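Visitor: Coordinates in structure.csv, CSV, C-alpha atoms, are listed below.
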chain,number,residue,atom,x,y,z
T,18,MET,CA,-35.9,80.1,58.5
T,19,LYS,CA,-33.4,82.0,56.5
T,20,ILE,CA,-29.7,82.6,57.3
T,21,ALA,CA,-27.7,85.4,55.7
T,22,LEU,CA,-23.9,85.0,55.4
T,23,GLN,CA,-21.4,87.6,54.4
T,24,SER,CA,-19.4,85.8,51.6
T,25,THR,CA,-16.2,84.2,52.7
T,26,PRO,CA,-14.5,81.0,51.5
T,27,PHE,CA,-14.8,79.6,55.1
T,28,ASN,CA,-18.6,79.7,55.5
T,29,ARG,CA,-20.1,76.4,56.6
T,30,ILE,CA,-23.2,76.4,54.5
T,31,ASP,CA,-23.4,72.6,54.9
T,32,LEU,CA,-24.1,73.0,58.6
T,33,PHE,CA,-27.0,75.3,58.1
T,34,GLU,CA,-28.5,73.2,55.3
T,35,ALA,CA,-28.2,70.0,57.4
T,36,ALA,CA,-30.2,71.8,60.2
T,37,GLY,CA,-32.9,72.6,57.7
T,38,PHE,CA,-32.2,76.3,57.1
T,39,GLU,CA,-32.3,78.3,53.9
T,40,VAL,CA,-29.0,80.1,53.2
T,41,ILE,CA,-28.3,83.2,51.3
T,42,GLU,CA,-24.8,84.8,50.8
T,43,GLY,CA,-23.7,88.2,49.6
T,44,VAL,CA,-20.8,90.6,49.5
T,45,CYS,CA,-21.3,93.6,51.8
T,46,LEU,CA,-19.3,96.7,51.2
T,47,SER,CA,-21.6,99.1,53.0
T,48,GLU,CA,-24.3,99.2,55.6
T,49,LYS,CA,-26.9,99.4,52.8
T,50,ASP,CA,-25.5,96.1,51.4
T,51,MET,CA,-25.9,94.6,54.9
T,52,ILE,CA,-29.5,95.7,55.1
T,53,ASP,CA,-30.2,94.3,51.6
T,54,LEU,CA,-28.7,90.9,52.6
T,55,LEU,CA,-30.1,90.7,56.2
T,56,LYS,CA,-33.6,92.3,55.8
T,57,ASP,CA,-35.5,89.0,55.6
T,58,ALA,CA,-33.1,86.9,57.6
T,59,ASP,CA,-33.7,85.2,61.0
T,60,GLY,CA,-30.0,84.8,61.7
T,61,ALA,CA,-26.8,86.2,60.2
T,62,GLN,CA,-23.0,85.8,60.3
T,63,VAL,CA,-21.3,89.2,60.3
T,64,GLY,CA,-17.8,90.4,60.1
T,65,VAL,CA,-15.8,93.4,61.2
T,66,MET,CA,-16.9,95.6,58.3
T,67,PRO,CA,-19.4,96.9,57.4
T,68,LEU,CA,-20.6,97.7,60.9
T,69,THR,CA,-23.7,95.9,62.2
T,70,SER,CA,-25.1,99.3,63.3
T,71,ARG,CA,-28.4,100.3,64.8
T,72,GLU,CA,-29.6,101.3,61.3
T,73,VAL,CA,-28.9,97.8,60.0
T,74,LEU,CA,-30.5,96.1,63.0
T,75,GLU,CA,-33.6,98.3,62.9
T,76,ALA,CA,-34.1,97.5,59.2
T,77,CYS,CA,-34.2,93.7,59.8
T,78,PRO,CA,-37.4,92.9,61.7
T,79,LYS,CA,-37.0,89.1,61.6
T,80,LEU,CA,-33.4,89.1,62.8
T,81,LYS,CA,-33.0,87.2,66.0
T,82,VAL,CA,-29.2,86.4,66.2
T,83,VAL,CA,-26.0,87.7,64.7
T,84,SER,CA,-22.8,85.7,65.1
T,85,ARG,CA,-19.3,87.2,64.7
T,86,MET,CA,-16.0,85.5,64.3
T,87,GLY,CA,-13.6,85.6,67.2
T,88,VAL,CA,-14.1,87.3,70.5
T,89,GLY,CA,-14.5,91.0,69.7
T,90,VAL,CA,-18.0,92.4,69.0
T,91,ASP,CA,-17.2,96.1,68.8
T,92,SER,CA,-18.5,96.1,65.2
T,93,ILE,CA,-22.0,95.3,66.5
T,94,ASP,CA,-24.2,98.0,68.2
T,95,LEU,CA,-24.8,96.0,71.4
T,96,ASP,CA,-27.2,98.6,72.9
T,97,ALA,CA,-29.4,98.5,69.8
T,98,ALA,CA,-29.2,94.7,69.6
T,99,THR,CA,-30.3,94.4,73.2
T,100,GLU,CA,-33.2,96.9,72.8
T,101,LEU,CA,-34.5,95.1,69.7
T,102,GLY,CA,-34.1,91.6,71.1
T,103,VAL,CA,-31.3,90.4,68.9
T,104,LEU,CA,-28.6,88.2,70.3
T,105,ALA,CA,-25.0,89.3,69.5
T,106,CYS,CA,-22.9,86.1,69.7
T,107,ASN,CA,-19.2,85.6,69.5
T,108,VAL,CA,-16.8,82.6,69.7
T,109,PRO,CA,-14.7,83.0,72.9
T,110,GLY,CA,-11.5,81.1,73.2
T,111,VAL,CA,-11.3,80.0,69.5
T,112,ASN,CA,-8.1,82.0,68.9
T,113,THR,CA,-6.7,82.6,72.3
T,114,ALA,CA,-3.5,80.7,71.6
T,115,GLU,CA,-2.9,82.5,68.3
T,116,VAL,CA,-3.2,86.0,69.7
T,117,ALA,CA,-1.1,85.2,72.8
T,118,ASP,CA,1.6,83.7,70.5
T,119,HIS,CA,1.6,86.7,68.2
T,120,ALA,CA,1.9,89.1,71.2
T,121,VAL,CA,4.9,87.2,72.4
T,122,ALA,CA,6.4,87.1,68.9
T,123,MET,CA,6.1,90.9,68.6
T,124,MET,CA,7.7,91.3,72.0
T,125,LEU,CA,10.6,89.1,71.0
T,126,ALA,CA,10.9,90.8,67.6
T,127,LEU,CA,11.3,94.1,69.3
T,128,THR,CA,13.6,93.1,72.1
T,129,ARG,CA,15.9,91.1,69.8
T,130,ARG,CA,15.5,93.6,66.9
T,131,ILE,CA,14.6,90.8,64.5
T,132,CYS,CA,12.9,92.9,61.8
T,133,ASP,CA,15.6,95.6,61.3
T,134,THR,CA,18.5,93.3,61.7
T,135,VAL,CA,17.2,90.8,59.1
T,136,GLY,CA,16.8,93.7,56.7
T,137,THR,CA,20.3,95.2,57.3
T,138,THR,CA,21.9,91.8,57.2
T,139,SER,CA,20.3,91.2,53.8
T,140,GLU,CA,21.7,94.5,52.6
T,141,GLY,CA,25.3,93.6,53.7
T,142,ALA,CA,25.6,95.4,57.0
T,143,TRP,CA,27.0,92.3,58.8
T,144,ARG,CA,29.7,92.1,56.1
T,145,ASP,CA,30.3,95.8,55.3
T,146,ASN,CA,29.4,97.8,58.4
T,147,GLY,CA,31.0,96.5,61.6
T,148,LYS,CA,29.9,99.6,63.6
T,149,LEU,CA,26.2,98.9,62.8
T,150,THR,CA,26.6,95.3,63.9
T,151,VAL,CA,28.2,96.4,67.2
T,152,GLU,CA,25.3,98.9,67.7
T,153,TYR,CA,22.8,96.0,67.4
T,154,MET,CA,24.8,93.9,69.8
T,155,ARG,CA,24.5,96.7,72.4
T,156,THR,CA,20.8,97.4,71.9
T,157,VAL,CA,19.2,93.9,71.8
T,158,ARG,CA,17.6,93.2,75.1
T,159,ARG,CA,16.4,90.3,77.4
T,160,ILE,CA,13.0,89.9,79.0
T,161,ALA,CA,14.5,88.0,81.9
T,162,GLY,CA,14.8,90.2,85.0
T,163,HIS,CA,12.4,92.9,83.7
T,164,THR,CA,8.8,93.8,84.5
T,165,VAL,CA,6.0,92.8,82.1
T,166,GLY,CA,2.7,94.6,82.3
T,167,ILE,CA,-0.6,93.2,80.8
T,168,VAL,CA,-3.5,95.5,80.2
T,169,GLY,CA,-6.7,93.3,80.2
T,170,PHE,CA,-6.5,90.0,82.0
T,171,GLY,CA,-9.1,87.9,80.3
T,172,ASP,CA,-8.4,84.6,78.5
T,173,ILE,CA,-5.9,86.1,76.1
T,174,GLY,CA,-4.1,88.1,78.8
T,175,ARG,CA,-3.8,85.0,80.9
T,176,ALA,CA,-2.5,83.0,78.0
T,177,PHE,CA,0.1,85.7,77.3
T,178,ALA,CA,1.1,85.6,81.0
T,179,THR,CA,1.6,81.9,80.9
T,180,ARG,CA,3.8,82.2,77.8
T,181,ILE,CA,5.9,85.2,78.8
T,182,ARG,CA,6.6,83.7,82.2
T,183,GLY,CA,8.9,81.2,80.5
T,184,PHE,CA,11.2,84.0,79.6
T,185,GLY,CA,12.0,84.8,83.2
T,186,PRO,CA,10.6,88.3,83.9
T,187,SER,CA,11.2,89.6,87.4
T,188,GLN,CA,7.5,90.1,87.8
T,189,ILE,CA,4.3,90.2,85.8
T,190,ILE,CA,1.7,92.8,86.7
T,191,ALA,CA,-1.7,93.4,85.2
T,192,HIS,CA,-4.5,95.9,85.1
T,193,ASP,CA,-8.1,94.7,84.8
T,194,PRO,CA,-10.8,96.2,87.1
T,195,TYR,CA,-13.1,93.3,86.4
T,196,VAL,CA,-10.8,90.5,87.6
T,197,PRO,CA,-10.2,89.7,91.3
T,198,GLN,CA,-6.7,89.2,92.7
T,199,THR,CA,-7.6,85.6,93.6
T,200,THR,CA,-7.8,84.8,89.9
T,201,ALA,CA,-4.6,86.7,89.1
T,202,ASP,CA,-2.9,84.7,91.9
T,203,LEU,CA,-3.4,81.5,89.9
T,204,TYR,CA,-1.0,82.9,87.2
T,205,GLY,CA,1.5,84.5,89.6
T,206,VAL,CA,0.3,88.0,88.5
T,207,LYS,CA,-0.2,91.1,90.7
T,208,LEU,CA,-3.1,93.4,89.8
T,209,VAL,CA,-2.3,97.1,89.9
T,210,SER,CA,-3.7,100.3,88.7
T,211,LEU,CA,-3.1,101.3,85.0
T,212,GLU,CA,-0.9,104.2,86.2
T,213,GLU,CA,1.3,101.9,88.3
T,214,LEU,CA,1.5,99.4,85.5
T,215,LEU,CA,2.6,102.0,82.9
T,216,GLN,CA,5.2,103.5,85.3
T,217,LYS,CA,6.8,100.2,86.4
T,218,SER,CA,6.6,98.0,83.2
T,219,ASP,CA,9.5,97.5,80.9
T,220,TYR,CA,7.2,95.7,78.4
T,221,VAL,CA,3.5,96.3,78.1
T,222,SER,CA,1.1,94.0,76.2
T,223,ILE,CA,-2.5,95.1,75.6
T,224,HIS,CA,-5.3,92.5,75.7
T,225,THR,CA,-8.4,94.5,76.6
T,226,ALA,CA,-11.7,94.7,74.7
T,227,LEU,CA,-12.7,98.0,73.0
T,228,THR,CA,-15.3,99.8,75.0
T,229,ASP,CA,-16.1,103.4,75.8
T,230,GLU,CA,-14.0,102.9,78.9
T,231,THR,CA,-10.9,101.6,77.0
T,232,ARG,CA,-11.0,103.8,73.9
T,233,TYR,CA,-7.8,105.8,73.8
T,234,MET,CA,-6.8,104.3,77.1
T,235,ILE,CA,-3.2,104.7,75.8
T,236,ASN,CA,-2.9,108.4,74.9
T,237,GLU,CA,-0.4,111.2,75.2
T,238,ASP,CA,-0.8,111.4,79.0
T,239,SER,CA,-0.5,107.7,79.6
T,240,LEU,CA,2.4,107.3,77.3
T,241,ARG,CA,4.3,109.9,79.3
T,242,LEU,CA,3.9,107.7,82.3
T,243,MET,CA,6.0,105.0,80.7
T,244,LYS,CA,9.7,104.5,80.8
T,245,PRO,CA,11.7,105.8,77.9
T,246,THR,CA,13.0,102.3,77.4
T,247,ALA,CA,9.5,100.8,77.4
T,248,ILE,CA,8.1,98.6,74.6
T,249,LEU,CA,4.4,98.5,73.9
T,250,VAL,CA,2.6,95.7,72.0
T,251,ASN,CA,-1.1,95.9,71.0
T,252,THR,CA,-2.9,92.9,69.6
T,253,SER,CA,-6.4,93.9,71.0
T,254,ARG,CA,-8.2,96.7,69.1
T,255,GLY,CA,-6.7,99.7,67.4
T,256,PRO,CA,-8.6,102.5,69.0
T,257,VAL,CA,-7.4,101.4,72.5
T,258,VAL,CA,-4.3,103.3,71.5
T,259,ASN,CA,-4.3,106.8,70.1
T,260,GLY,CA,-2.2,106.3,67.0
T,261,ALA,CA,-1.2,109.9,66.6
T,262,ALA,CA,0.0,110.2,70.2
T,263,LEU,CA,1.9,106.9,69.8
T,264,ALA,CA,3.6,108.1,66.7
T,265,LEU,CA,4.8,111.3,68.4
T,266,ALA,CA,5.9,109.3,71.5
T,267,LEU,CA,8.0,107.0,69.3
T,268,GLN,CA,9.5,109.9,67.3
T,269,SER,CA,10.4,111.9,70.4
T,270,GLY,CA,11.8,109.0,72.5
T,271,VAL,CA,9.0,109.0,75.1
T,272,ILE,CA,9.0,105.2,74.7
T,273,GLU,CA,11.5,103.0,72.8
T,274,ALA,CA,9.4,100.9,70.5
T,275,ALA,CA,5.9,99.5,69.6
T,276,GLY,CA,4.5,96.5,67.9
T,277,LEU,CA,0.9,96.7,66.6
T,278,ASP,CA,-1.3,94.1,65.0
T,279,VAL,CA,-4.2,96.5,65.0
T,280,THR,CA,-4.6,100.2,64.1
T,281,GLU,CA,-7.3,102.9,64.4
T,282,VAL,CA,-8.1,102.7,60.7
T,283,GLU,CA,-7.9,99.3,59.1
T,284,PRO,CA,-6.2,98.8,56.7
T,285,ILE,CA,-3.8,101.4,57.9
T,286,GLU,CA,-3.5,104.4,55.6
T,287,SER,CA,-0.4,104.5,53.5
T,288,GLN,CA,0.5,108.0,54.8
T,289,ASP,CA,0.1,107.1,58.5
T,290,PRO,CA,3.4,108.2,60.2
T,291,LEU,CA,3.6,105.0,62.2
T,292,LEU,CA,4.5,103.2,58.9
T,293,SER,CA,7.7,105.2,58.5
T,294,LEU,CA,9.1,104.8,62.0
T,295,PRO,CA,12.0,102.4,62.4
T,296,ASN,CA,11.0,101.7,66.0
T,297,ALA,CA,7.5,100.5,65.1
T,298,ILE,CA,6.5,97.1,63.6
T,299,ILE,CA,2.9,96.6,62.2
T,300,THR,CA,1.2,93.5,61.1
T,301,PRO,CA,-2.1,93.4,59.2
T,302,HIS,CA,-4.5,92.3,62.0
T,303,LEU,CA,-3.6,88.7,61.6
T,304,ALA,CA,-2.8,87.8,65.2
T,305,GLY,CA,-5.9,85.7,65.6
T,306,PHE,CA,-5.5,83.6,62.5
T,307,SER,CA,-4.2,80.1,61.8
T,308,PRO,CA,-5.5,77.2,59.7
T,309,THR,CA,-6.9,75.7,62.9
T,310,PHE,CA,-8.8,78.9,63.7
T,311,LEU,CA,-10.1,79.1,60.1
T,312,GLU,CA,-11.4,75.6,60.5
T,313,GLU,CA,-12.9,75.8,64.0
T,314,CYS,CA,-14.3,79.4,64.1
T,315,PRO,CA,-16.8,79.1,61.2
T,316,ILE,CA,-18.2,75.9,62.8
T,317,ARG,CA,-18.7,77.6,66.2
T,318,GLN,CA,-20.0,80.7,64.4
T,319,ALA,CA,-22.6,78.7,62.6
T,320,GLU,CA,-23.5,76.7,65.6
T,321,ASN,CA,-24.2,79.9,67.6
T,322,ILE,CA,-27.0,80.6,65.1
T,323,ILE,CA,-28.3,77.1,64.8
T,324,ARG,CA,-28.4,76.6,68.6
T,325,VAL,CA,-30.3,79.8,69.3
T,326,LEU,CA,-32.9,79.1,66.6
T,327,THR,CA,-33.4,75.6,67.8
T,328,GLY,CA,-33.8,76.4,71.5
T,329,LYS,CA,-30.2,75.9,72.8
T,330,ALA,CA,-27.7,78.2,74.3
T,331,PRO,CA,-25.0,79.8,72.1
T,332,TRP,CA,-21.3,79.3,72.7
T,333,GLY,CA,-20.8,83.0,73.4
T,334,LEU,CA,-23.2,85.8,74.1
T,335,ALA,CA,-21.9,89.4,74.3
T,336,ASN,CA,-25.2,91.0,75.4
T,337,PRO,CA,-26.8,88.8,78.0
T,338,GLU,CA,-29.2,91.5,79.0
T,339,VAL,CA,-31.0,90.7,75.8
T,340,ILE,CA,-32.6,87.7,77.5
T,341,LYS,CA,-34.7,90.1,79.6
T,342,THR,CA,-35.9,91.9,76.5
T,343,ILE,CA,-36.8,88.6,74.8
T,344,ALA,CA,-38.7,87.4,77.9
T,345,VAL,CA,-40.8,90.6,77.8
T,346,LEU,CA,-41.4,90.2,74.1
T,347,ARG,CA,-42.5,86.6,74.6
T,348,ALA,CA,-44.9,87.6,77.3
T,349,SER,CA,-46.5,90.4,75.3
T,350,ASP,CA,-45.9,90.6,71.6
T,351,PRO,CA,-43.3,88.0,70.5
T,352,GLY,CA,-42.6,89.8,67.3
T,353,ARG,CA,-39.4,88.4,65.8
T,354,TRP,CA,-39.3,85.6,68.4
T,355,GLU,CA,-42.7,84.1,67.6
T,356,GLY,CA,-42.5,80.4,67.2
T,357,VAL,CA,-38.9,80.1,68.2
T,358,PRO,CA,-38.1,77.7,71.1
T,359,ASP,CA,-37.0,79.3,74.3
T,360,PHE,CA,-33.2,78.9,74.7
T,361,SER,CA,-32.9,80.9,77.9
T,362,THR,CA,-33.4,78.1,80.3
T,363,SER,CA,-30.3,76.4,78.9
T,364,LEU,CA,-28.1,79.5,79.2
T,365,ALA,CA,-25.8,79.7,82.2
T,366,LEU,CA,-25.4,83.4,83.1
Rewrite the structure of this file - the entire thing - as structure tokens.

Guide:
Amino acid sequence: MKIALQSTPFNRIDLFEAAGFEVIEGVCLSEKDMIDLLKDADGAQVGVMPLTSREVLEACPKLKVVSRMGVGVDSIDLDAATELGVLACNVPGVNTAEVADHAVAMMLALTRRICDTVGTTSEGAWRDNGKLTVEYMRTVRRIAGHTVGIVGFGDIGRAFATRIRGFGPSQIIAHDPYVPQTTADLYGVKLVSLEELLQKSDYVSIHTALTDETRYMINEDSLRLMKPTAILVNTSRGPVVNGAALALALQSGVIEAAGLDVTEVEPIESQDPLLSLPNAIITPHLAGFSPTFLEECPIRQAENIIRVLTGKAPWGLANPEVIKTIAVLRASDPGRWEGVPDFSTSLAL
């Protein structure tokens, strides 16, 4: 069998070769490049860009499994993958600690005004501008005694809650319609509606997946529900927040500040108004990274493919409904799944 890998210095070709697979690598700058690389492959490692679209998947008749780094799978057309009988795998939990740490770091950077005070101190403000220093003294803030809201209470949202609790907030509330209160109780968190969360929170951290339901969840209307002193942090996916609406809210004082690790367009365009705002800090979608992640993730990503093609369950599966599709194919015309051991009996759903 053949495995296609988008070229990165972290690919674990050795794992595939040890399992007896042929490996091909290529640089993909467009969906056409993706098709050229994947068209004869049985399995593939894919990234954020180019998109693993319906067009790409339909052009790859042998493809059985695609494996993406990290947790998010919004770059893969899950509906198309499910219809065609292609597993869309991810690596849940591999960078939970990194993203939660980054969200806390952004929250602290904004409440303690780390970024702008480092800059002005380097420019001599501490020495030459006593009024500016006093202004900073009056505007740095504490998390203790305030309400923290978490949008999305999966693994990363829970890890963030565990970390932020150490800073002494008066309460932690969360919004996630797919999590029961009994689970939130384990973390000392109260589940509320999104409207209530935005109205009550002094600090909001977003940890939800990008879906049709969550796209532009934070928009002009929802931003106006927030306190004028509120701080918003997003380390999930850029399109969860309407960037233009956020820029206007920051410019007009609807909310106080925002920290973003993700933006609607990535890399963010140089003319994006968010880049010029003193009350916004933006990092280049690196919240999930660390040397540990870069070592562990490619292993799990490769193992997803190897396990599926050798009859074992993958570490993460984003489209579990595909198992029904594959069962129907195996019973009638196996197509791409002919000769591949059945992994479904080892999969806990």

Visitor: Between CA of Thr25 (chain T) and CA of Val90 (chain T), measure the distance and give it in Å to one decimal.

Guide: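 If I compute the distance from CA of Thr25 (chain T) to CA of Val90 (chain T), I get 18.3 Å.
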
Visitor: Could you tell me how far CA of Ala126 (chain T) lies from CA of Met234 (chain T), in Å and to one decimal?

Guide: 24.2 Å

Visitor: Would you pick out the contacts of region 286-289 of chain T at 9 Å or less, using only C-alpha atoms, so that residues sharing its chain but fewer than 6 positions from it are not included, and give the list as number ranges by chain?

Guide: T: 260-261, 264

Visitor: Check the smallest atom-to-atom distance from each of T:Leu334, T:Ile299, T:Met243, T:Ala21 to Val40 (chain T) using all atoms listed in the file, then report the winner.

Guide: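 Ranking T:Leu334, T:Ile299, T:Met243, T:Ala21 by distance to Val40 (chain T), first place goes to T:Ala21.
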
Visitor: For Glu237 (chain T), which of T:Leu277, T:Ala262, T:Ala161, T:Val221 is the closest residue, counting all atoms listed in the file?

Guide: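 The shortest atom-to-atom distance to Glu237 (chain T) comes from T:Ala262.
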
Visitor: Considering only C-alpha atoms, state which residue in the set T:Leu291, T:Ala58, T:Leu214, T:Val345 is at the smallest distance from Ala275 (chain T).

Guide: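 Of the candidates, the smallest distance to Ala275 (chain T) is held by T:Leu291.
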
Visitor: What's the 9 Å shell around Arg175 (chain T), counting only C-alpha atoms, without same-chain residues fewer than 6 positions away, as a count of residues only?

Guide: 5

Visitor: Let me make sure I understand: among T:Phe177, T:Leu211, T:Met18, T:Pro358, which one has the smallest atom-to-atom distance to Met123 (chain T) if we use only C-alpha atoms?

Guide: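 Of all the options, T:Phe177 lies closest to Met123 (chain T).
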
Visitor: What separation in Å, quoted to one decimal, exists between CA of Pro295 (chain T) and CA of Pro256 (chain T)?

Guide: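 Going from CA of Pro295 (chain T) over to CA of Pro256 (chain T) covers 21.6 Å.
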
Visitor: For Gly356 (chain T), work out the shell of residues within 12 Å, counting all atoms listed in the file and skipping chain neighbours fewer than 2 positions away, then give it as a PDB file with C-alpha atoms, keeping the file's coordinate frame.

Guide:
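As a result, selection-v9.pdb now contains:
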ATOM      1  CA  MET T  18     -35.900  80.100  58.500  1.00  0.00           C
ATOM      2  CA  ASP T  59     -33.700  85.200  61.000  1.00  0.00           C
ATOM      3  CA  LYS T  79     -37.000  89.100  61.600  1.00  0.00           C
ATOM      4  CA  LYS T  81     -33.000  87.200  66.000  1.00  0.00           C
ATOM      5  CA  LEU T 326     -32.900  79.100  66.600  1.00  0.00           C
ATOM      6  CA  THR T 327     -33.400  75.600  67.800  1.00  0.00           C
ATOM      7  CA  GLY T 328     -33.800  76.400  71.500  1.00  0.00           C
ATOM      8  CA  ARG T 347     -42.500  86.600  74.600  1.00  0.00           C
ATOM      9  CA  ASP T 350     -45.900  90.600  71.600  1.00  0.00           C
ATOM     10  CA  PRO T 351     -43.300  88.000  70.500  1.00  0.00           C
ATOM     11  CA  GLY T 352     -42.600  89.800  67.300  1.00  0.00           C
ATOM     12  CA  ARG T 353     -39.400  88.400  65.800  1.00  0.00           C
ATOM     13  CA  TRP T 354     -39.300  85.600  68.400  1.00  0.00           C
ATOM     14  CA  PRO T 358     -38.100  77.700  71.100  1.00  0.00           C
ATOM     15  CA  ASP T 359     -37.000  79.300  74.300  1.00  0.00           C
TER      16      ASP T 359
END

Visitor: From the list T:Ile323, T:Ala178, T:Val339, T:Val116, which residue is nearest Val357 (chain T) when using only C-alpha atoms?

Guide: T:Ile323

Visitor: If we count all atoms listed in the file, what is near Ser24 (chain T) at a cut-off of 6 Å, once residues fewer than 3 positions away on the same chain are taken out, given as a VMD selection string?

Guide: chain T and resid 42 to 44

Visitor: For Thr137 (chain T), work out the shell of residues within 12 Å, counting all atoms listed in the file and skipping chain neighbours fewer than 6 positions away, then give it as number ranges by chain.

Guide: T: 130-131, 143-147, 149-150, 153

Visitor: Please determine, counting all atoms listed in the file, which residue among T:Val108, T:Ala348, T:Cys45, T:Val168 has the shortest atom-to-atom distance to Ser218 (chain T).

Guide: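 Ranking T:Val108, T:Ala348, T:Cys45, T:Val168 by distance to Ser218 (chain T), first place goes to T:Val168.
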
Visitor: Please determine the residues with any atom at most 9 Å from (-0.8, 97.4, 89.0) (coordinates as given in the file, with all atoms listed in the file counting) and report them as a tab-separated table (two decimals) with C-alpha atoms, keeping the file's coordinate frame.

Guide:
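Resulting contents of out18.tsv:
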chain	number	residue	atom	x	y	z
T	166	GLY	CA	2.70	94.60	82.30
T	190	ILE	CA	1.70	92.80	86.70
T	191	ALA	CA	-1.70	93.40	85.20
T	192	HIS	CA	-4.50	95.90	85.10
T	193	ASP	CA	-8.10	94.70	84.80
T	207	LYS	CA	-0.20	91.10	90.70
T	208	LEU	CA	-3.10	93.40	89.80
T	209	VAL	CA	-2.30	97.10	89.90
T	210	SER	CA	-3.70	100.30	88.70
T	211	LEU	CA	-3.10	101.30	85.00
T	212	GLU	CA	-0.90	104.20	86.20
T	213	GLU	CA	1.30	101.90	88.30
T	214	LEU	CA	1.50	99.40	85.50
T	215	LEU	CA	2.60	102.00	82.90
T	217	LYS	CA	6.80	100.20	86.40

Visitor: Take the point (-26.0, 81.2, 75.6) as written in the file and pick out every residue within 12 Å of it, counting only C-alpha atoms; give the list as a count of residues only.

Guide: 36
